[in-house]
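Coordinates from target16.cif are shown below (mmCIF, C-alpha atoms).
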```cif
data_input
#
loop_
_atom_site.label_atom_id
_atom_site.label_comp_id
_atom_site.auth_asym_id
_atom_site.auth_seq_id
_atom_site.Cartn_x
_atom_site.Cartn_y
_atom_site.Cartn_z
CA MET Q 11 -254.48 -177.66 -126.10
CA SER Q 12 -256.21 -179.77 -123.43
CA TYR Q 13 -259.10 -178.61 -121.29
CA ASP Q 14 -256.97 -178.85 -118.13
CA PHE Q 15 -254.21 -176.68 -119.60
CA GLU Q 16 -256.68 -174.02 -120.78
CA PHE Q 17 -258.52 -174.07 -117.45
CA LYS Q 18 -255.29 -173.54 -115.49
CA GLN Q 19 -254.38 -170.58 -117.69
CA LEU Q 20 -257.78 -168.99 -117.13
CA LEU Q 21 -257.72 -169.66 -113.39
CA ARG Q 22 -254.25 -168.17 -113.07
CA ALA Q 23 -255.29 -165.03 -114.95
CA TYR Q 24 -258.43 -164.68 -112.81
CA ARG Q 25 -256.61 -165.14 -109.49
CA ASN Q 26 -253.99 -162.57 -110.53
CA GLY Q 27 -256.73 -160.06 -111.27
CA VAL Q 28 -255.90 -159.96 -114.97
CA ILE Q 29 -259.42 -160.88 -116.08
CA SER Q 30 -262.74 -160.18 -114.39
CA GLN Q 31 -265.06 -162.80 -112.96
CA SER Q 32 -267.49 -162.31 -115.84
CA THR Q 33 -264.70 -162.82 -118.39
CA PHE Q 34 -263.49 -165.89 -116.52
CA GLU Q 35 -266.98 -167.38 -116.48
CA ALA Q 36 -267.53 -166.57 -120.16
CA GLU Q 37 -264.30 -168.22 -121.27
CA LEU Q 38 -264.92 -171.18 -118.99
CA SER Q 39 -268.30 -171.54 -120.68
CA TRP Q 40 -266.54 -171.61 -124.04
CA LEU Q 41 -264.23 -174.38 -122.86
CA GLU Q 42 -267.12 -176.46 -121.62
CA SER Q 43 -269.43 -175.99 -124.58
CA GLY Q 44 -267.13 -175.19 -127.49
CA ALA Q 45 -269.19 -172.06 -128.29
CA PRO Q 46 -267.55 -168.61 -128.53
CA ALA Q 47 -268.01 -166.74 -125.27
CA ASN Q 48 -266.63 -163.27 -125.93
CA GLY Q 49 -269.42 -160.73 -125.67
CA ASN Q 50 -268.09 -158.84 -128.69
CA SER Q 51 -267.80 -161.85 -130.93
CA ASN Q 52 -271.41 -161.96 -132.16
CA GLY Q 53 -271.15 -165.73 -132.15
CA SER Q 54 -268.23 -165.85 -134.55
CA GLY Q 55 -265.21 -165.55 -132.28
CA PHE Q 56 -262.73 -162.67 -132.03
CA LYS Q 57 -261.20 -161.66 -135.34
CA ALA Q 58 -257.69 -160.21 -135.57
CA PHE Q 59 -254.87 -160.30 -138.14
CA GLY Q 60 -256.94 -162.28 -140.61
CA ARG Q 61 -257.70 -165.05 -138.12
CA THR Q 62 -260.56 -165.90 -135.80
CA TYR Q 63 -259.77 -166.67 -132.16
CA LYS Q 64 -262.08 -168.09 -129.53
CA SER Q 65 -261.84 -164.81 -127.56
CA GLU Q 66 -260.00 -161.51 -127.34
CA ARG Q 67 -257.75 -162.93 -124.64
CA ALA Q 68 -256.71 -165.80 -126.89
CA ALA Q 69 -255.82 -163.30 -129.62
CA ILE Q 70 -253.84 -161.20 -127.14
CA VAL Q 71 -251.87 -164.17 -125.81
CA SER Q 72 -251.00 -165.31 -129.32
CA PHE Q 73 -250.00 -161.80 -130.37
CA LEU Q 74 -247.89 -161.09 -127.29
CA ASP Q 75 -246.03 -164.36 -127.68
CA LYS Q 76 -245.18 -163.71 -131.33
CA VAL Q 77 -244.20 -160.09 -130.72
CA ARG Q 78 -242.09 -161.09 -127.72
CA ALA Q 79 -240.05 -163.41 -129.91
CA GLY Q 80 -239.88 -160.94 -132.78
CA GLU Q 81 -238.77 -158.01 -130.63
CA ALA Q 82 -236.08 -160.11 -128.96
CA ASN Q 83 -234.69 -160.92 -132.37
CA GLY Q 84 -235.06 -157.28 -133.39
CA GLY Q 85 -232.93 -156.22 -130.44
CA GLU Q 86 -230.22 -158.64 -131.48
CA ALA Q 87 -230.46 -157.59 -135.13
CA PHE Q 88 -230.07 -153.86 -134.50
CA ALA Q 89 -227.32 -154.46 -131.95
CA ALA Q 90 -225.45 -156.52 -134.54
CA TRP Q 91 -225.91 -153.76 -137.12
CA ALA Q 92 -224.65 -151.12 -134.69
CA GLU Q 93 -221.50 -153.16 -134.08
CA VAL Q 94 -220.52 -153.07 -137.76
CA CYS Q 95 -222.05 -149.67 -138.62
CA THR Q 96 -219.58 -147.36 -140.36
CA THR Q 97 -221.90 -144.34 -140.55
CA ASP Q 98 -221.34 -142.16 -137.50
CA CYS Q 99 -224.68 -140.32 -137.69
CA ILE Q 100 -226.80 -143.46 -137.29
CA ARG Q 101 -224.68 -145.72 -135.05
CA THR Q 102 -226.02 -144.42 -131.74
CA GLY Q 103 -229.54 -144.34 -133.16
CA LEU Q 104 -229.23 -148.04 -134.00
CA ARG Q 105 -228.19 -148.77 -130.43
CA ILE Q 106 -231.25 -146.93 -129.13
CA VAL Q 107 -233.50 -148.92 -131.45
CA ALA Q 108 -231.85 -152.15 -130.28
CA GLU Q 109 -232.62 -151.26 -126.67
CA ARG Q 110 -236.21 -150.43 -127.55
CA GLU Q 111 -236.72 -153.78 -129.23
CA ALA Q 112 -235.14 -155.65 -126.32
CA TYR Q 113 -237.22 -153.99 -123.62
CA HIS Q 114 -240.40 -154.52 -125.64
CA SER Q 115 -239.65 -158.23 -125.59
CA ARG Q 116 -239.11 -158.24 -121.83
CA ILE Q 117 -242.31 -156.33 -121.11
CA PHE Q 118 -244.41 -158.52 -123.40
CA ALA Q 119 -242.95 -161.66 -121.84
CA GLN Q 120 -244.02 -160.34 -118.44
CA ARG Q 121 -247.52 -159.50 -119.65
CA LEU Q 122 -247.80 -162.89 -121.32
CA ALA Q 123 -247.02 -164.56 -118.00
CA GLU Q 124 -249.59 -162.39 -116.20
CA LEU Q 125 -252.24 -163.59 -118.64
CA GLY Q 126 -251.33 -167.20 -117.97
CA GLY Q 127 -249.72 -167.68 -121.37
CA GLU Q 128 -246.51 -169.51 -122.18
CA LYS Q 129 -243.53 -168.71 -124.37
CA ARG Q 130 -244.11 -170.83 -127.45
CA ALA Q 131 -243.19 -168.68 -130.46
CA MET Q 132 -239.70 -169.10 -131.88
CA THR Q 133 -237.63 -166.78 -134.04
CA THR Q 134 -238.33 -167.60 -137.67
CA ASP Q 135 -235.65 -168.65 -140.12
CA ASP Q 136 -236.36 -165.54 -142.16
CA ALA Q 137 -235.79 -163.32 -139.11
CA LEU Q 138 -232.52 -165.08 -138.31
CA LYS Q 139 -231.33 -164.62 -141.88
CA TYR Q 140 -232.21 -160.94 -141.76
CA THR Q 141 -230.30 -160.53 -138.50
CA ALA Q 142 -227.26 -162.02 -140.23
CA TYR Q 143 -227.81 -159.61 -143.13
CA LEU Q 144 -227.90 -156.56 -140.87
CA GLY Q 145 -224.81 -157.77 -139.03
CA ASN Q 146 -222.84 -158.28 -142.25
CA ALA Q 147 -220.01 -155.74 -142.25
CA SER Q 148 -219.55 -155.99 -146.02
CA ILE Q 149 -223.00 -154.53 -146.77
CA PRO Q 150 -223.12 -150.69 -146.76
CA ASP Q 151 -225.39 -148.98 -144.24
CA ASN Q 152 -227.34 -147.12 -146.91
CA GLU Q 153 -228.25 -150.44 -148.58
CA LYS Q 154 -229.41 -151.86 -145.26
CA LEU Q 155 -231.61 -148.83 -144.74
CA LEU Q 156 -233.17 -149.27 -148.17
CA SER Q 157 -233.74 -152.94 -147.48
CA PHE Q 158 -235.40 -152.24 -144.14
CA THR Q 159 -237.79 -149.60 -145.49
CA LYS Q 160 -238.89 -152.00 -148.23
CA ARG Q 161 -239.32 -154.82 -145.75
CA VAL Q 162 -241.38 -152.86 -143.22
CA GLY Q 163 -243.29 -150.49 -145.49
CA LYS Q 164 -244.60 -147.05 -144.61
CA PRO Q 165 -244.42 -146.30 -140.87
CA GLU Q 166 -248.12 -145.54 -140.40
CA ASP Q 167 -249.18 -148.69 -142.26
CA ALA Q 168 -246.76 -150.86 -140.31
CA ILE Q 169 -248.26 -150.02 -136.91
CA LYS Q 170 -251.93 -149.88 -137.90
CA PRO Q 171 -252.79 -153.51 -136.92
CA ILE Q 172 -251.39 -152.96 -133.40
CA SER Q 173 -253.88 -150.25 -132.48
CA GLU Q 174 -256.83 -152.25 -133.83
CA LEU Q 175 -256.31 -155.35 -131.70
CA ILE Q 176 -257.51 -154.56 -128.18
CA THR Q 177 -260.99 -153.53 -127.03
CA GLU Q 178 -261.35 -154.77 -123.43
CA ASP Q 179 -257.95 -155.58 -121.91
CA LEU Q 180 -257.01 -152.05 -120.85
CA SER Q 181 -253.62 -152.96 -119.40
CA THR Q 182 -252.44 -154.58 -122.62
CA LYS Q 183 -254.15 -151.90 -124.69
CA GLU Q 184 -252.10 -149.13 -123.08
CA ALA Q 185 -248.91 -151.16 -123.37
CA LEU Q 186 -249.56 -151.69 -127.07
CA ARG Q 187 -250.32 -148.01 -127.50
CA LEU Q 188 -246.85 -147.15 -126.23
CA PHE Q 189 -245.37 -149.99 -128.28
CA ALA Q 190 -247.00 -148.60 -131.43
CA GLU Q 191 -245.61 -145.14 -130.70
CA ASP Q 192 -242.12 -146.59 -130.25
CA GLU Q 193 -242.39 -148.56 -133.47
CA LEU Q 194 -243.65 -145.50 -135.35
CA SER Q 195 -240.77 -143.43 -134.02
CA THR Q 196 -238.26 -146.09 -135.04
CA ALA Q 197 -239.72 -146.52 -138.50
CA LYS Q 198 -239.84 -142.78 -139.16
CA TRP Q 199 -236.24 -142.38 -138.03
CA ILE Q 200 -235.09 -145.18 -140.33
CA TRP Q 201 -237.03 -143.74 -143.27
CA ASP Q 202 -235.47 -140.31 -142.65
CA ALA Q 203 -231.99 -141.80 -142.36
CA CYS Q 204 -232.57 -143.81 -145.52
CA ALA Q 205 -233.61 -140.72 -147.46
CA ALA Q 206 -230.62 -138.74 -146.21
CA LEU Q 207 -227.98 -141.39 -146.84
CA ASN Q 208 -229.27 -142.38 -150.25
CA ALA Q 209 -229.94 -138.87 -151.58
CA PRO Q 210 -226.37 -138.25 -152.88
CA ARG Q 211 -226.40 -141.51 -154.83
CA GLN Q 212 -229.79 -140.70 -156.34
CA ASP Q 213 -228.59 -137.20 -157.31
CA ALA Q 214 -225.49 -138.62 -158.94
CA SER Q 215 -227.58 -141.12 -160.87
CA ASP Q 216 -229.89 -138.36 -162.05
CA SER Q 217 -226.90 -136.33 -163.26
CA LYS Q 218 -225.62 -139.22 -165.37
CA ASP Q 219 -228.99 -139.55 -167.07
CA MET Q 220 -229.03 -135.92 -168.14
#
```
Could you take the file, read its structure, and then write that structure out as structure tokens?
Amino acid sequence: MSYDFEFKQLLRAYRNGVISQSTFEAELSWLESGAPANGNSNGSGFKAFGRTYKSERAAIVSFLDKVRAGEANGGEAFAAWAEVCTTDCIRTGLRIVAEREAYHSRIFAQRLAELGGEKRAMTTDDALKYTAYLGNASIPDNEKLLSFTKRVGKPEDAIKPISELITEDLSTKEALRLFAEDELSTAKWIWDACAALNAPRQDASDSKDM
């Protein structure tokens, strides 16, 4: 990105009270000299998700943009699943999860704008394919649950990177704390539903082997 574009983003964030004067001056120094300016970087930039960013704010903007796009798609995916769900005990739960995903996207889009960031991330082809999978009426709900648990992994492991990202931006930090709690609740519910709906099939399989 150009110097002018980066400067306008920083200035907008500073004028809106999103970043302090010291943070604004530090990041402006980075733009002018090319040297990392974040006080916690130890001269090596801000590290998150296996990458190194010029500052914490840059990492936050990138993260919020990607999550915004992902949660929007998640809302559509779970809504599509709920529409074709044939299992009464999880249909309403799927609708609740869809609403959670959708409002996460809206909130993160708002925070992204407050930080002077822009919507750049797009829904990936893989995510679009998975949305089509969840919305496929010919695939049983118990198979979709199994697929989702394998895709996401254990609930606690899935949310761990979220809580490790923020150190200084308290507004985003608290938003991500609530986001992580929502995601943990969703993942646990899906794992419980998966165990319940697949237990009879597993028991029947065990009986055949005896």
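Selection result for the displayed file, with the PyMOL selection byres ((chain Q and resi 195-212) around 9) as criterion, is Q:Cys99, Q:Ile100, Q:Gly103, Q:Val107, Q:Arg110, Q:Asp151, Q:Asn152, Q:Glu153, Q:Lys154, Q:Leu155, Q:Leu156, Q:Phe158, Q:Thr159, Q:Val162, Q:Gly163, Q:Lys164, Q:Pro165, Q:Glu166, Q:Ala168, Q:Ala190, Q:Glu191, Q:Asp192, Q:Glu193, Q:Leu194, Q:Asp213, Q:Ala214, Q:Ser215, Q:Asp216, Q:Ser217.
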(request) Pull out every residue that the PyMOL selection byres ((chain Q and resi 67-71) around 8) matches in the shown coordinates and put them as a ChimeraX atom specification. (result) /Q:56,58,63-66,72-75,122,125,127,175-176,179
(request) I need the residue set behind the PyMOL selection byres ((chain Q and resi 80) around 9) for this file; please write it as a ChimeraX atom specification. (result) /Q:75-79,81-85,111,115,131-134,137
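Rounded to one decimal, CA of Arg105 (chain Q) and CA of Glu93 (chain Q) lie 8.8 Å from each other.
The interatomic distance for the pair CA of Asn146 (chain Q) and CA of Cys95 (chain Q) works out to 9.4 Å.
Interatomic distance, CA of Ser157 (chain Q) against CA of Phe118 (chain Q): 26.9 Å.
Distances to Glu109 (chain Q) were evaluated for Q:Ala89, Q:Ala185, Q:Val94, Q:Ala123 using all atoms listed in the file, and the minimum falls at Q:Ala89.
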(request) Return the single residue from Q:Phe189, Q:Gly55, Q:Pro150, Q:Glu184 that is closest to Lys170 (chain Q), with distances computed using all atoms listed in the file. (result) Q:Phe189
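Shortest atom-to-atom contact with Ile106 (chain Q) among Q:Asp136, Q:Glu86, Q:Glu178, Q:Glu128: Q:Glu86, counting all atoms listed in the file.
Distances here use all atoms listed in the file; by that measure, the residue among Q:Leu180, Q:Leu188, Q:Leu104, Q:Ala119 closest to Leu144 (chain Q) is Q:Leu104.
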